[in-house]
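Asker: Quick one: this structure, given as structure tokens, is what I'll be asking you about.
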Amino acid sequence: MKKLSVRRRHPLAAVVVLLFALAATGGLYAAFAPADKAQADETAQSLAIKEGQKLYTVGCASCHGMGGQGTTDGPSLVGVGSAAVDFQVATGRMPAQQPGAQVPKKPVIYSQAQIDQLAAYVASLGAGPITPTEKQYNPEGANIAKGGELFRNNCAQCHNFTGEGGALTDGKYAPSLEGVSPKHLYEAMQTGPQNMPSFPDTTLPEQEKRDIIAYVKTVNSEETATPGGFGLGGIGPVAEGLFGWIFGLGSLIAVAIWVAAHTAKAKKS
């Protein structure tokens, strides 16, 4: 009677089988997971657009038209992009209370989630500037001196040298930039809201926008020194000179009159 020979497995056989199993599992994950994630993202985006359309119909369509094509009471929103919506709605400028030379900033009535949904719907009407990420508008590490130079060349004509704002023509004005968030400063440069020109990346690259934001945040901070004394809101040398002439010279004239009057009384007595 022959003995049955028993083949022994190689000690590494189990390890090889395990590696093959892991590789197969990984291959299946690589094949299906990205598709699932992409499908989930697409579904979430579609839901955001749908909810945004509902909000738009209630709060925006009366002025901008049911399809965002614009009316006599509001411009077209086709192609303005999500950045414009985020800026206008998140600063309270939209929905507007009433027509006028310029729509002022006011308390926000939508949550950020609702603003994102509105932005998603308007963005679906036509390609436009996209809402920036924190990495794009974060001023940390930016060149403040360069930002000041860029600001004086491109922005100071309307917002003055320190961003305090100023009057324009026909009841329009450049608003103060004090307290404006870096995100909204970036979006304003992207989209050019109301009377402001737009500065796309082809005109003002992303890094230069960050430099300007760093300058605006620094020049309006409490730590900024004013070596020349009271800055009078940073309006400029004309206002400071006028202040000096009116109050400084006026005070000297008043003192001279007082001295002359008292001298005359002393001589009479």
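Note on naming: chains are A, B, ... as they come in the structure tokens, residues start from 1 per chain, ligands start from 1 in the order shown.
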Report as a VMD selection string all protein, DNA and RNA residues lying within 9 Å of range 58-75 of chain A, evaluated on only C-alpha atoms, omitting residues in the same chain fewer than 5 positions from it.
Answerer: chain A and resid 53 94 to 95 99 122 125
Asker: Grab the residues selected above and save them as an mmCIF file, in the first residue's frame with N, CA and C atoms.
Answerer:
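Everything below was put into again_22.cif:
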data_model
loop_
_atom_site.group_PDB
_atom_site.id
_atom_site.type_symbol
_atom_site.label_atom_id
_atom_site.label_comp_id
_atom_site.auth_asym_id
_atom_site.auth_seq_id
_atom_site.Cartn_x
_atom_site.Cartn_y
_atom_site.Cartn_z
ATOM 1 N N GLN A 53 -32.408 77.912 -6.674
ATOM 2 C CA GLN A 53 -33.434 78.427 -7.591
ATOM 3 C C GLN A 53 -34.695 78.824 -6.827
ATOM 4 N N MET A 94 -27.646 92.882 -1.402
ATOM 5 C CA MET A 94 -28.747 92.223 -2.094
ATOM 6 C C MET A 94 -29.428 91.261 -1.136
ATOM 7 N N PRO A 95 -30.740 91.141 -1.238
ATOM 8 C CA PRO A 95 -31.667 91.886 -2.081
ATOM 9 C C PRO A 95 -31.719 93.372 -1.699
ATOM 10 N N PRO A 99 -34.448 100.975 -5.346
ATOM 11 C CA PRO A 99 -33.473 101.424 -6.344
ATOM 12 C C PRO A 99 -32.880 102.775 -5.959
ATOM 13 N N VAL A 122 -27.020 80.787 -9.609
ATOM 14 C CA VAL A 122 -26.625 81.851 -10.526
ATOM 15 C C VAL A 122 -25.419 81.425 -11.368
ATOM 16 N N LEU A 125 -26.198 79.581 -14.520
ATOM 17 C CA LEU A 125 -26.756 80.333 -15.642
ATOM 18 C C LEU A 125 -25.696 80.706 -16.670
#
Asker: When you look at Ala113 in chain A with a cut-off of 12 Å (counting only C-alpha atoms), what residues show up, excluding the ones that are within fewer than 6 positions of it in the same chain? I need them as a PyMOL selection string.
Answerer: chain A and resi 48-49+51-52+55+86+89-90+119-120
Asker: Those residues you just picked out, can you put them in a file as a PDB file, in the first residue's frame with N, CA, C and O atoms?
Answerer:
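So the final result, stored in selection13.pdb, reads:
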ATOM      1  N   ALA A  48     -27.985  71.739  -4.525  1.00  0.00           N
ATOM      2  CA  ALA A  48     -27.721  73.141  -4.180  1.00  0.00           C
ATOM      3  C   ALA A  48     -28.325  74.075  -5.224  1.00  0.00           C
ATOM      4  O   ALA A  48     -28.912  75.110  -4.882  1.00  0.00           O
ATOM      5  N   ILE A  49     -28.193  73.719  -6.492  1.00  0.00           N
ATOM      6  CA  ILE A  49     -28.769  74.547  -7.566  1.00  0.00           C
ATOM      7  C   ILE A  49     -30.286  74.589  -7.452  1.00  0.00           C
ATOM      8  O   ILE A  49     -30.910  75.651  -7.612  1.00  0.00           O
ATOM      9  N   GLU A  51     -32.167  74.125  -4.722  1.00  0.00           N
ATOM     10  CA  GLU A  51     -32.569  74.930  -3.567  1.00  0.00           C
ATOM     11  C   GLU A  51     -32.285  76.412  -3.823  1.00  0.00           C
ATOM     12  O   GLU A  51     -33.067  77.287  -3.426  1.00  0.00           O
ATOM     13  N   GLY A  52     -31.189  76.689  -4.508  1.00  0.00           N
ATOM     14  CA  GLY A  52     -30.866  78.068  -4.835  1.00  0.00           C
ATOM     15  C   GLY A  52     -31.886  78.701  -5.767  1.00  0.00           C
ATOM     16  O   GLY A  52     -32.200  79.887  -5.648  1.00  0.00           O
ATOM     17  N   LEU A  55     -34.810  79.896  -3.683  1.00  0.00           N
ATOM     18  CA  LEU A  55     -34.495  81.151  -2.999  1.00  0.00           C
ATOM     19  C   LEU A  55     -34.481  82.322  -3.993  1.00  0.00           C
ATOM     20  O   LEU A  55     -34.951  83.415  -3.691  1.00  0.00           O
ATOM     21  N   ASP A  86     -21.897  85.875  -3.848  1.00  0.00           N
ATOM     22  CA  ASP A  86     -21.402  85.794  -2.474  1.00  0.00           C
ATOM     23  C   ASP A  86     -21.108  87.191  -1.926  1.00  0.00           C
ATOM     24  O   ASP A  86     -21.448  87.499  -0.779  1.00  0.00           O
ATOM     25  N   VAL A  89     -24.680  89.377  -1.676  1.00  0.00           N
ATOM     26  CA  VAL A  89     -25.662  88.872  -0.699  1.00  0.00           C
ATOM     27  C   VAL A  89     -25.048  88.778   0.698  1.00  0.00           C
ATOM     28  O   VAL A  89     -25.699  89.101   1.697  1.00  0.00           O
ATOM     29  N   ALA A  90     -23.770  88.375   0.782  1.00  0.00           N
ATOM     30  CA  ALA A  90     -23.126  88.213   2.093  1.00  0.00           C
ATOM     31  C   ALA A  90     -22.779  89.550   2.743  1.00  0.00           C
ATOM     32  O   ALA A  90     -22.465  89.586   3.940  1.00  0.00           O
ATOM     33  N   ALA A 119     -25.635  81.198  -4.942  1.00  0.00           N
ATOM     34  CA  ALA A 119     -24.456  81.329  -5.800  1.00  0.00           C
ATOM     35  C   ALA A 119     -24.362  80.164  -6.773  1.00  0.00           C
ATOM     36  O   ALA A 119     -23.996  80.347  -7.945  1.00  0.00           O
ATOM     37  N   ALA A 120     -24.692  78.958  -6.320  1.00  0.00           N
ATOM     38  CA  ALA A 120     -24.641  77.777  -7.188  1.00  0.00           C
ATOM     39  C   ALA A 120     -25.650  77.911  -8.324  1.00  0.00           C
ATOM     40  O   ALA A 120     -25.352  77.579  -9.478  1.00  0.00           O
TER      41      ALA A 120
END
Asker: One decimal, Å: what's the distance from CA of Gln117 in chain A over to CA of Thr131 in chain A, could you say?
Answerer: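 Atom-to-atom, CA of Gln117 in chain A and CA of Thr131 in chain A are spaced 12.2 Å apart.
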Asker: Please determine, counting only C-alpha atoms, which residue among A:Gln97, A:Ser82, A:Asn160, A:Asn154 has the shortest atom-to-atom distance to Pro132 in chain A.
Answerer: A:Ser82
Asker: Ranking A:Gln88, A:Ser221, A:Ser198, A:Thr169 by minimum distance to Leu118 in chain A and counting only C-alpha atoms, which one comes first?
Answerer: A:Gln88
Asker: Find the residues near Ile212 in chain A: any atom within 10 Å, counting only C-alpha atoms, skip ones fewer than 6 places away on the same chain, and give them as a VMD selection string.
Answerer: chain A and resid 139 142 to 152 154 to 155 182 185 to 186 189 218
Asker: In Å, with one decimal, what is the gap from CA of Lys172 in chain A to CA of Gln194 in chain A?
Answerer: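 Pair CA of Lys172 in chain A / CA of Gln194 in chain A returns 9.4 Å.
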Asker: Can you work out which one of A:Glu208, A:Asp170, A:Glu178, A:Glu42 has the shortest atom-to-atom distance to Asn138 in chain A, counting only C-alpha atoms?
Answerer: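 Using only C-alpha atoms, the shortest distance to Asn138 in chain A belongs to A:Glu208.
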